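Have a look at the structure below before the remarks.
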Number of protein chains: 2
Amino acid sequence: MKIKSLLTALVAASIAFSPMAFAKEKTYRWRLAETWGPNFPVFGDASKNMAKMVEEMSGGRLQIRIDSANKHKSALGIFDFVRTGQYQMGHSASYYWKGKDINTMFFTTLPFGMTTPEQYAWFYHGGGMELMKETYSKYGILSYPGGNTGNQMGGWFRKEINTLEDLKGLKMRIPGFAGEVLAKLGAKPTNIPSAELYTALERNTIDALEWVGPSLDLRMGFHKIAPYYYTGWHEPATELQFMVNEKAFNSLPEDLQHILTVAMKTAAYDMYTQSTHESSENLATLQKEYPNVKIRSFPPEVMNAIKAENDKLLEEFAAADPLTKKILESIHSYGDKARQWTNFSDRAYLDNFDSK
Amino acid sequence: MKIKSLLTALVAASIAFSPMAFAKEKTYRWRLAETWGPNFPVFGDASKNMAKMVEEMSGGRLQIRIDSANKHKSALGIFDFVRTGQYQMGHSASYYWKGKDINTMFFTTLPFGMTTPEQYAWFYHGGGMELMKETYSKYGILSYPGGNTGNQMGGWFRKEINTLEDLKGLKMRIPGFAGEVLAKLGAKPTNIPSAELYTALERNTIDALEWVGPSLDLRMGFHKIAPYYYTGWHEPATELQFMVNEKAFNSLPEDLQHILTVAMKTAAYDMYTQSTHESSENLATLQKEYPNVKIRSFPPEVMNAIKAENDKLLEEFAAADPLTKKILESIHSYGDKARQWTNFSDRAYLDNFDSK
């Protein structure tokens, strides 16, 4: 073989293997902005879990650096960070964007809405993902489930709620749509940064507050100053949100797109599992170490009045926007069907074979 | 540059990029044997979903061919296929191996045991995965959750069950541990291949049978010949199983190991979501098209007697084997804690805000 041929062959071999190899070996370095502070439990674990899976499955070809709120200084700026491409990804919650677009509100949870397994069935088999895509596509954002807290507790109250009268003038930290509902019944909903919550409750600046549930409430210390812990109604299946800038997503090779999509989905499911665990552990600790804390449910009179206001407000939203109407109809018709199954399966099982 | 140097440089460059590239480009062709027939709904979707995710995320480097029972002719031979390495993977259910090793039985579901979200929390945060590893490591098999059916229904009955007397002599297709429990109360449990079930029920060869739930029962047609559909007690959270031959797993590059592990986990979670969906849809169809089907729960007298026999049998198992004792203690202590949380969250929510 002539030297020239040998050279040509070597170059050819090198080219034959290289383009693929080079493309595959290229490292993508992405940044994710999250609403939470650093080391925020459970929520922050979900984004870390996602980034770790991506790094491991891609053999390091896609690396996602997480910036917490202390770094980017804008807990509620995540939507714009991802829309503009300043960050390729975000981890937050869709209902935070209701001021920008009312329809984002329906992809987190709704008062009196679906439970977590019901809602995942709606997302992946009942049209939920398609409706979320329709809502977010105009912003160049891809939105995905980002981790579920499970059923959130109704909150910590310094006084018992026995009648509708007890809601009148009640100063409660309860942001968002649920707060709007309570306001219709005379409560004074307010939002207070998490760092100031304990003091506000202790000094009677507020009479009650809702946070998450045992998984996150215990370390806040509310049980030391509020004896009543109410069961939930307003956030039966709070789903966090991963956001990806659409152009950035499209720039990834196909295998990395699949890796990222699966990692987000798994991290979301995993957070529901972790929430179930942390809530179980922390509820046991609470009951053991603080036996005086009383777990209560609102009486039917109160619940029914809240539900009536909730339904009225949703009807107003639906009348104002065709996409809202479409989303709410989907949620209600799917939710009713799924609830029938829940009633005959887990609910019947729990009612038949286990006493409270 | 001398030609020799040029050649050396080219070869060096080729070597510098190639080993990684060659290793990464190697295609692994694996085979998975599943207990189910081809196109078996929901269960078969879980193995297909897993294989598809692996192929897409690995860019085709790991390909898993699925052999259904019609191909390998041994629905309950999966454990041995994977143990011997005849197949690298299997998709089945752990409780099928209780004849080989009693401890495999506890990683699927237990009568009166945990619900699906509770059980996932046990697997991933409560020691379940570690105990499953301890049980399977002696066989060179890695075992993972393989998809959850959700709460299974108690079965189809031609006559109503009102007292313990009604169980005496009752011929029921109910295999495995739940059948052993019913036998203690005078029932005649039996196992019958799925293809013969409808005829056996129609011709009174059996008086009752359990299958899965609306997700899979509807296409079997039992609602046409048995008017009573009982709620569940014996399989509250049936988790299928992925098995991997340990040596085959260790032969994979690290990134493919991660891809496979995440794909199995996601496919398992996804099947729970799909089961919720299919059950909801099919229950709605059943109630609309067959309004005469009556959904019942066993009366407390019957349930309590069944539970007492169940607990007695489990105690006997625990006394016979230290690992059984360890597994059952873990299940019971974790399950009690998780149930407290379920009671104050989803159960309170369903009881307060939704009528059956």
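Ordered as shown in the structure tokens, chains take letters A, B, and onward, while each chain numbers its residues from 1 and ligands are numbered from 1 in the order shown.
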Exercise. What residues in chain B lie within 6 Å of chain A, counting only C-alpha atoms, written as a list of chain:residue names?
Worked result: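 Close enough to count are B:Ser14, B:Ala21, B:Glu56, B:Met57, B:Gly59, B:Ala121, B:Asn151, B:Asp255, B:His258, B:Ile259, B:Thr266, B:Thr273, B:His277, B:Ser280, B:Lys337, B:Ala338, B:Trp341, B:Ser345.
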Can those selected residues be exported to a file as an mmCIF file, in the first residue's frame so that it contains C-alpha atoms?
```
data_model
loop_
_atom_site.group_PDB
_atom_site.id
_atom_site.type_symbol
_atom_site.label_atom_id
_atom_site.label_comp_id
_atom_site.auth_asym_id
_atom_site.auth_seq_id
_atom_site.Cartn_x
_atom_site.Cartn_y
_atom_site.Cartn_z
ATOM 1 C CA SER B 14 -7.641 8.050 16.022
ATOM 2 C CA ALA B 21 -16.306 6.041 20.798
ATOM 3 C CA GLU B 56 -34.439 5.997 22.802
ATOM 4 C CA MET B 57 -32.292 7.149 25.703
ATOM 5 C CA GLY B 59 -29.537 6.091 21.039
ATOM 6 C CA ALA B 121 -42.622 4.950 49.818
ATOM 7 C CA ASN B 151 -56.079 -1.725 44.286
ATOM 8 C CA ASP B 255 -24.376 4.994 31.548
ATOM 9 C CA HIS B 258 -28.304 4.053 34.765
ATOM 10 C CA ILE B 259 -30.526 4.230 31.679
ATOM 11 C CA THR B 266 -40.398 4.989 35.243
ATOM 12 C CA THR B 273 -50.882 5.815 36.144
ATOM 13 C CA HIS B 277 -56.793 5.574 33.810
ATOM 14 C CA SER B 280 -61.609 4.774 35.576
ATOM 15 C CA LYS B 337 -47.055 4.813 59.935
ATOM 16 C CA ALA B 338 -47.877 5.475 56.281
ATOM 17 C CA TRP B 341 -50.767 9.812 56.935
ATOM 18 C CA SER B 345 -54.699 13.230 53.918
#
```
Output chain B, superimposed onto chain A using in-order Cα pairs, as a CSV table (one decimal) with C-alpha atoms, in the first residue's frame:
```csv
chain,number,residue,atom,x,y,z
B,1,MET,CA,-0.2,0.3,-0.5
B,2,LYS,CA,0.9,3.7,-1.4
B,3,ILE,CA,1.5,6.2,1.4
B,4,LYS,CA,-1.2,8.4,-0.1
B,5,SER,CA,-3.8,5.6,0.0
B,6,LEU,CA,-2.8,4.7,3.5
B,7,LEU,CA,-3.3,8.3,4.5
B,8,THR,CA,-6.6,8.5,2.7
B,9,ALA,CA,-7.7,5.3,4.4
B,10,LEU,CA,-6.8,6.5,7.8
B,11,VAL,CA,-8.5,9.9,7.3
B,12,ALA,CA,-11.6,8.0,6.0
B,13,ALA,CA,-11.6,5.8,9.0
B,14,SER,CA,-11.2,8.7,11.3
B,15,ILE,CA,-14.1,10.5,9.6
B,16,ALA,CA,-16.2,7.4,9.5
B,17,PHE,CA,-16.2,7.1,13.3
B,18,SER,CA,-15.6,10.7,14.3
B,19,PRO,CA,-18.7,12.7,13.4
B,20,MET,CA,-20.9,10.5,15.5
B,21,ALA,CA,-18.3,10.3,18.2
B,22,PHE,CA,-17.7,14.1,18.3
B,23,ALA,CA,-21.4,14.9,18.3
B,24,LYS,CA,-22.1,12.4,21.0
B,25,GLU,CA,-19.1,13.5,23.1
B,26,LYS,CA,-20.1,17.2,23.0
B,27,THR,CA,-20.9,18.3,26.5
B,28,TYR,CA,-24.0,20.5,27.0
B,29,ARG,CA,-23.8,22.7,30.1
B,30,TRP,CA,-27.2,24.0,31.1
B,31,ARG,CA,-28.4,26.1,34.0
B,32,LEU,CA,-31.7,25.6,35.9
B,33,ALA,CA,-33.2,28.4,38.1
B,34,GLU,CA,-35.5,27.2,40.9
B,35,THR,CA,-38.0,29.1,43.1
B,36,TRP,CA,-36.6,27.5,46.3
B,37,GLY,CA,-33.7,28.4,48.4
B,38,PRO,CA,-30.6,26.2,48.6
B,39,ASN,CA,-31.1,22.8,50.3
B,40,PHE,CA,-34.9,23.3,50.4
B,41,PRO,CA,-36.1,19.9,51.4
B,42,VAL,CA,-38.2,17.7,49.1
B,43,PHE,CA,-38.8,20.4,46.4
B,44,GLY,CA,-35.1,21.0,46.1
B,45,ASP,CA,-34.4,17.3,46.1
B,46,ALA,CA,-36.6,16.9,43.0
B,47,SER,CA,-34.4,19.2,40.9
B,48,LYS,CA,-31.2,17.7,42.2
B,49,ASN,CA,-32.6,14.2,41.6
B,50,MET,CA,-33.5,15.2,38.0
B,51,ALA,CA,-30.0,16.7,37.3
B,52,LYS,CA,-28.2,13.7,38.8
B,53,MET,CA,-30.2,11.2,36.6
B,54,VAL,CA,-29.5,13.3,33.5
B,55,GLU,CA,-25.8,13.4,34.2
B,56,GLU,CA,-25.5,9.7,35.0
B,57,MET,CA,-27.6,8.5,32.1
B,58,SER,CA,-25.9,10.8,29.6
B,59,GLY,CA,-22.4,9.8,30.8
B,60,GLY,CA,-21.8,13.5,31.6
B,61,ARG,CA,-22.8,14.8,28.2
B,62,LEU,CA,-25.6,16.9,29.6
B,63,GLN,CA,-24.8,18.8,32.9
B,64,ILE,CA,-27.4,20.9,34.6
B,65,ARG,CA,-26.2,23.4,37.2
B,66,ILE,CA,-28.9,24.4,39.7
B,67,ASP,CA,-29.2,28.0,40.8
B,68,SER,CA,-31.4,28.5,43.9
B,69,ALA,CA,-33.2,31.7,44.8
B,70,ASN,CA,-30.3,33.0,46.8
B,71,LYS,CA,-28.2,33.0,43.6
B,72,HIS,CA,-30.6,34.4,41.0
B,73,LYS,CA,-32.5,36.6,43.5
B,74,SER,CA,-35.9,36.2,41.8
B,75,ALA,CA,-37.9,33.3,43.2
B,76,LEU,CA,-40.9,34.2,41.0
B,77,GLY,CA,-38.8,35.2,38.0
B,78,ILE,CA,-38.4,31.6,36.8
B,79,PHE,CA,-41.0,31.9,34.0
B,80,ASP,CA,-39.3,34.8,32.4
B,81,PHE,CA,-35.8,33.3,32.9
B,82,VAL,CA,-36.9,30.3,30.8
B,83,ARG,CA,-39.0,32.3,28.3
B,84,THR,CA,-36.1,34.5,27.4
B,85,GLY,CA,-33.5,31.7,27.5
B,86,GLN,CA,-31.5,33.3,30.3
B,87,TYR,CA,-31.8,29.9,31.9
B,88,GLN,CA,-32.5,26.7,29.8
B,89,MET,CA,-34.6,25.3,32.6
B,90,GLY,CA,-36.7,26.2,35.6
B,91,HIS,CA,-38.2,24.4,38.6
B,92,SER,CA,-41.2,26.1,40.1
B,93,ALA,CA,-45.0,25.7,40.2
B,94,SER,CA,-47.3,26.5,37.3
B,95,TYR,CA,-49.9,28.4,39.5
B,96,TYR,CA,-47.4,31.1,40.3
B,97,TRP,CA,-47.9,32.4,36.7
B,98,LYS,CA,-51.7,33.0,37.0
B,99,GLY,CA,-51.1,36.8,36.9
B,100,LYS,CA,-49.4,36.4,33.5
B,101,ASP,CA,-51.9,33.8,32.1
B,102,ILE,CA,-54.8,32.5,34.1
B,103,ASN,CA,-54.7,29.1,32.4
B,104,THR,CA,-51.3,28.3,33.9
B,105,MET,CA,-53.2,28.0,37.2
B,106,PHE,CA,-54.9,24.7,36.4
B,107,PHE,CA,-51.8,22.5,36.0
B,108,THR,CA,-50.8,22.5,39.7
B,109,THR,CA,-53.9,21.5,41.6
B,110,LEU,CA,-57.4,22.9,42.3
B,111,PRO,CA,-59.4,23.1,45.5
B,112,PHE,CA,-61.7,20.1,45.6
B,113,GLY,CA,-59.9,18.7,42.6
B,114,MET,CA,-58.2,15.4,41.8
B,115,THR,CA,-55.9,13.4,44.1
B,116,THR,CA,-52.4,12.8,43.0
B,117,PRO,CA,-52.9,9.4,41.2
B,118,GLU,CA,-56.0,10.7,39.6
B,119,GLN,CA,-54.2,13.8,38.4
B,120,TYR,CA,-51.2,11.9,36.9
B,121,ALA,CA,-53.8,9.8,35.0
B,122,TRP,CA,-55.2,13.0,33.7
B,123,PHE,CA,-51.8,14.4,32.7
B,124,TYR,CA,-50.6,11.3,30.9
B,125,HIS,CA,-53.8,9.7,29.6
B,126,GLY,CA,-56.7,12.2,30.0
B,127,GLY,CA,-55.4,15.2,27.9
B,128,GLY,CA,-53.7,17.2,30.6
B,129,MET,CA,-50.2,17.2,28.9
B,130,GLU,CA,-51.8,18.4,25.6
B,131,LEU,CA,-53.7,21.2,27.3
B,132,MET,CA,-50.6,22.3,29.2
B,133,LYS,CA,-48.7,22.3,25.9
B,134,GLU,CA,-51.4,24.5,24.3
B,135,THR,CA,-51.2,26.9,27.3
B,136,TYR,CA,-47.4,27.2,27.3
B,137,SER,CA,-46.5,27.0,23.6
B,138,LYS,CA,-47.1,30.6,22.9
B,139,TYR,CA,-44.3,31.5,25.4
B,140,GLY,CA,-41.7,29.1,23.8
B,141,ILE,CA,-41.7,27.1,27.0
B,142,LEU,CA,-42.1,23.3,27.4
B,143,SER,CA,-43.8,22.5,30.8
B,144,TYR,CA,-43.8,19.2,32.6
B,145,PRO,CA,-44.9,17.8,36.0
B,146,GLY,CA,-42.1,18.6,38.5
B,147,GLY,CA,-43.0,16.7,41.7
B,148,ASN,CA,-46.0,16.2,43.8
B,149,THR,CA,-46.5,17.0,47.5
B,150,GLY,CA,-49.5,14.8,47.9
B,151,ASN,CA,-52.6,16.1,49.6
B,152,GLN,CA,-51.7,19.3,51.5
B,153,MET,CA,-53.1,20.0,54.9
B,154,GLY,CA,-55.6,22.8,55.4
B,155,GLY,CA,-53.3,24.6,57.8
B,156,TRP,CA,-52.5,25.6,61.4
B,157,PHE,CA,-55.2,27.5,63.3
B,158,ARG,CA,-55.0,29.1,66.8
B,159,LYS,CA,-58.8,28.7,67.2
B,160,GLU,CA,-61.2,26.0,66.2
B,161,ILE,CA,-63.4,26.6,63.2
B,162,ASN,CA,-67.0,25.6,64.0
B,163,THR,CA,-69.2,27.8,61.9
B,164,LEU,CA,-69.0,30.1,58.9
B,165,GLU,CA,-69.0,33.0,61.5
B,166,ASP,CA,-65.5,31.8,62.5
B,167,LEU,CA,-64.2,32.6,59.0
B,168,LYS,CA,-65.3,36.2,59.1
B,169,GLY,CA,-62.3,38.5,59.7
B,170,LEU,CA,-60.0,35.5,60.0
B,171,LYS,CA,-56.5,36.7,59.1
B,172,MET,CA,-54.9,33.8,57.3
B,173,ARG,CA,-51.8,33.3,55.3
B,174,ILE,CA,-53.2,31.5,52.3
B,175,PRO,CA,-52.0,32.9,48.9
B,176,GLY,CA,-53.5,32.4,45.4
B,177,PHE,CA,-56.8,31.1,44.3
B,178,ALA,CA,-57.7,29.4,47.6
B,179,GLY,CA,-57.3,32.8,49.3
B,180,GLU,CA,-59.7,34.4,46.8
B,181,VAL,CA,-62.2,31.7,47.7
B,182,LEU,CA,-61.9,32.3,51.4
B,183,ALA,CA,-62.1,36.1,50.9
B,184,LYS,CA,-65.6,35.6,49.5
B,185,LEU,CA,-66.7,34.3,52.9
B,186,GLY,CA,-65.2,37.2,54.8
B,187,ALA,CA,-61.7,35.9,55.6
B,188,LYS,CA,-58.7,38.2,55.2
B,189,PRO,CA,-56.2,36.2,53.2
B,190,THR,CA,-52.7,37.5,53.0
B,191,ASN,CA,-49.3,36.3,51.8
B,192,ILE,CA,-46.2,36.5,54.1
B,193,PRO,CA,-42.7,35.4,53.3
B,194,SER,CA,-41.9,32.0,54.8
B,195,ALA,CA,-39.1,33.4,57.1
B,196,GLU,CA,-41.7,35.6,58.9
B,197,LEU,CA,-44.5,33.1,59.2
B,198,TYR,CA,-43.7,31.8,62.7
B,199,THR,CA,-43.4,35.2,64.2
B,200,ALA,CA,-46.6,36.5,62.5
B,201,LEU,CA,-48.6,33.6,63.9
B,202,GLU,CA,-47.0,33.9,67.4
B,203,ARG,CA,-47.7,37.7,67.6
B,204,ASN,CA,-51.3,37.3,66.3
B,205,THR,CA,-50.5,39.3,63.1
B,206,ILE,CA,-52.3,36.3,61.5
B,207,ASP,CA,-54.8,33.8,63.1
B,208,ALA,CA,-54.0,30.9,60.8
B,209,LEU,CA,-51.7,29.8,58.0
B,210,GLU,CA,-51.3,27.0,55.5
B,211,TRP,CA,-48.0,25.8,54.4
B,212,VAL,CA,-47.6,22.3,53.0
B,213,GLY,CA,-48.1,19.3,55.3
B,214,PRO,CA,-46.1,17.3,57.8
B,215,SER,CA,-43.4,16.8,55.2
B,216,LEU,CA,-42.4,20.4,55.4
B,217,ASP,CA,-44.4,22.0,58.3
B,218,LEU,CA,-42.6,20.3,61.2
B,219,ARG,CA,-39.3,22.1,60.8
B,220,MET,CA,-41.3,25.4,60.8
B,221,GLY,CA,-42.4,24.9,64.4
B,222,PHE,CA,-46.1,26.0,63.9
B,223,HIS,CA,-47.2,23.1,66.1
B,224,LYS,CA,-45.7,24.8,69.1
B,225,ILE,CA,-48.0,27.9,68.8
B,226,ALA,CA,-51.2,26.7,67.0
B,227,PRO,CA,-53.0,23.7,68.5
B,228,TYR,CA,-55.4,22.9,65.6
B,229,TYR,CA,-54.1,21.2,62.4
B,230,TYR,CA,-56.9,21.1,59.7
B,231,THR,CA,-57.1,18.5,57.0
B,232,GLY,CA,-56.9,19.6,53.4
B,233,TRP,CA,-59.3,20.9,50.8
B,234,HIS,CA,-57.5,23.5,48.8
B,235,GLU,CA,-54.5,21.7,47.3
B,236,PRO,CA,-55.3,18.0,47.0
B,237,ALA,CA,-52.4,17.2,44.6
B,238,THR,CA,-49.9,20.0,44.3
B,239,GLU,CA,-47.7,19.3,41.3
B,240,LEU,CA,-44.5,21.4,40.9
B,241,GLN,CA,-43.2,22.2,37.4
B,242,PHE,CA,-40.2,21.7,35.3
B,243,MET,CA,-39.9,24.2,32.5
B,244,VAL,CA,-37.5,24.0,29.5
B,245,ASN,CA,-36.8,26.7,26.9
B,246,GLU,CA,-38.1,25.2,23.7
B,247,LYS,CA,-35.2,26.3,21.5
B,248,ALA,CA,-32.7,25.0,23.9
B,249,PHE,CA,-34.5,21.6,24.0
B,250,ASN,CA,-34.6,21.4,20.2
B,251,SER,CA,-30.8,22.0,20.1
B,252,LEU,CA,-30.1,18.8,22.0
B,253,PRO,CA,-29.4,15.5,20.2
B,254,GLU,CA,-32.3,13.2,20.2
B,255,ASP,CA,-31.0,10.8,22.8
B,256,LEU,CA,-30.4,13.7,25.3
B,257,GLN,CA,-33.9,14.9,24.7
B,258,HIS,CA,-35.2,11.5,25.7
B,259,ILE,CA,-32.9,11.4,28.7
B,260,LEU,CA,-34.1,14.8,29.9
B,261,THR,CA,-37.8,14.0,29.4
B,262,VAL,CA,-37.6,10.7,31.3
B,263,ALA,CA,-35.5,12.2,34.1
B,264,MET,CA,-38.0,15.0,34.6
B,265,LYS,CA,-40.9,12.5,34.7
B,266,THR,CA,-39.2,10.2,37.1
B,267,ALA,CA,-38.1,13.0,39.4
B,268,ALA,CA,-41.7,14.2,39.6
B,269,TYR,CA,-43.0,10.7,40.5
B,270,ASP,CA,-40.1,10.2,42.9
B,271,MET,CA,-41.0,13.4,44.7
B,272,TYR,CA,-44.6,12.1,45.3
B,273,THR,CA,-43.0,9.0,46.8
B,274,GLN,CA,-40.6,11.0,49.0
B,275,SER,CA,-43.5,13.3,50.1
B,276,THR,CA,-45.5,10.3,51.2
B,277,HIS,CA,-42.5,9.1,53.2
B,278,GLU,CA,-41.6,12.4,54.8
B,279,SER,CA,-45.2,13.1,55.7
B,280,SER,CA,-45.6,9.7,57.3
B,281,GLU,CA,-42.4,10.0,59.3
B,282,ASN,CA,-43.1,13.6,60.4
B,283,LEU,CA,-46.7,13.0,61.3
B,284,ALA,CA,-45.6,10.1,63.6
B,285,THR,CA,-43.1,12.4,65.2
B,286,LEU,CA,-45.7,15.1,65.7
B,287,GLN,CA,-48.2,12.8,67.3
B,288,LYS,CA,-45.6,11.3,69.6
B,289,GLU,CA,-43.9,14.5,70.7
B,290,TYR,CA,-46.9,16.9,70.6
B,291,PRO,CA,-49.9,14.8,71.6
B,292,ASN,CA,-51.8,18.0,72.3
B,293,VAL,CA,-52.0,19.0,68.6
B,294,LYS,CA,-55.6,18.3,67.5
B,295,ILE,CA,-56.2,17.2,63.9
B,296,ARG,CA,-59.6,18.4,62.7
B,297,SER,CA,-61.7,18.7,59.6
B,298,PHE,CA,-63.9,21.7,58.8
B,299,PRO,CA,-67.5,21.0,59.6
B,300,PRO,CA,-69.8,20.2,56.5
B,301,GLU,CA,-71.5,23.7,56.7
B,302,VAL,CA,-68.1,25.4,56.3
B,303,MET,CA,-66.8,23.0,53.6
B,304,ASN,CA,-70.0,23.3,51.5
B,305,ALA,CA,-69.9,27.1,51.6
B,306,ILE,CA,-66.3,27.1,50.6
B,307,LYS,CA,-67.0,24.7,47.7
B,308,ALA,CA,-69.9,26.8,46.5
B,309,GLU,CA,-67.7,29.9,46.3
B,310,ASN,CA,-65.0,27.9,44.6
B,311,ASP,CA,-67.4,26.6,41.9
B,312,LYS,CA,-68.8,30.1,41.3
B,313,LEU,CA,-65.3,31.6,40.8
B,314,LEU,CA,-64.3,28.8,38.4
B,315,GLU,CA,-67.5,29.4,36.4
B,316,GLU,CA,-66.5,33.1,36.1
B,317,PHE,CA,-63.1,32.2,34.8
B,318,ALA,CA,-64.5,29.7,32.3
B,319,ALA,CA,-66.9,32.3,31.0
B,320,ALA,CA,-64.1,34.7,30.3
B,321,ASP,CA,-61.8,32.5,28.2
B,322,PRO,CA,-62.5,29.6,25.8
B,323,LEU,CA,-59.2,27.8,26.7
B,324,THR,CA,-60.1,28.1,30.4
B,325,LYS,CA,-63.5,26.6,29.7
B,326,LYS,CA,-61.9,23.7,27.7
B,327,ILE,CA,-59.3,23.0,30.5
B,328,LEU,CA,-61.9,23.1,33.3
B,329,GLU,CA,-64.3,20.9,31.4
B,330,SER,CA,-61.5,18.4,30.9
B,331,ILE,CA,-60.5,18.5,34.6
B,332,HIS,CA,-64.1,18.1,35.8
B,333,SER,CA,-65.2,15.3,33.5
B,334,TYR,CA,-62.0,13.3,33.9
B,335,GLY,CA,-61.9,14.0,37.6
B,336,ASP,CA,-65.5,12.7,38.1
B,337,LYS,CA,-64.7,9.5,36.3
B,338,ALA,CA,-61.4,8.9,38.1
B,339,ARG,CA,-63.1,9.6,41.5
B,340,GLN,CA,-65.6,6.9,40.9
B,341,TRP,CA,-62.7,4.4,40.6
B,342,THR,CA,-61.0,5.8,43.7
B,343,ASN,CA,-64.2,5.4,45.7
B,344,PHE,CA,-64.6,1.8,44.8
B,345,SER,CA,-60.9,1.0,45.2
B,346,ASP,CA,-58.7,2.7,47.7
B,347,ARG,CA,-61.5,4.5,49.5
B,348,ALA,CA,-63.6,1.4,49.9
B,349,TYR,CA,-60.5,-0.5,51.0
B,350,LEU,CA,-59.6,2.1,53.6
B,351,ASP,CA,-63.2,2.4,54.9
B,352,ASN,CA,-63.7,-1.4,55.1
B,353,PHE,CA,-60.5,-2.5,56.7
B,354,ASP,CA,-59.0,0.2,58.7
B,355,SER,CA,-60.3,2.4,61.5
B,356,LYS,CA,-59.0,5.9,61.9
```
Problem set entry | Test item, strand (DSSP E) assignment across range 144-179 of chain B, answer as a count of residues only | 11
For this session: Could you find all residues in range 151-337 of chain A that DSSP calls alpha helix (DSSP H) from the backbone, and write them as a PyMOL selection string?
Result: chain A and resi 176-184+197-202+214-217+246-251+254-289+300-320+322-337
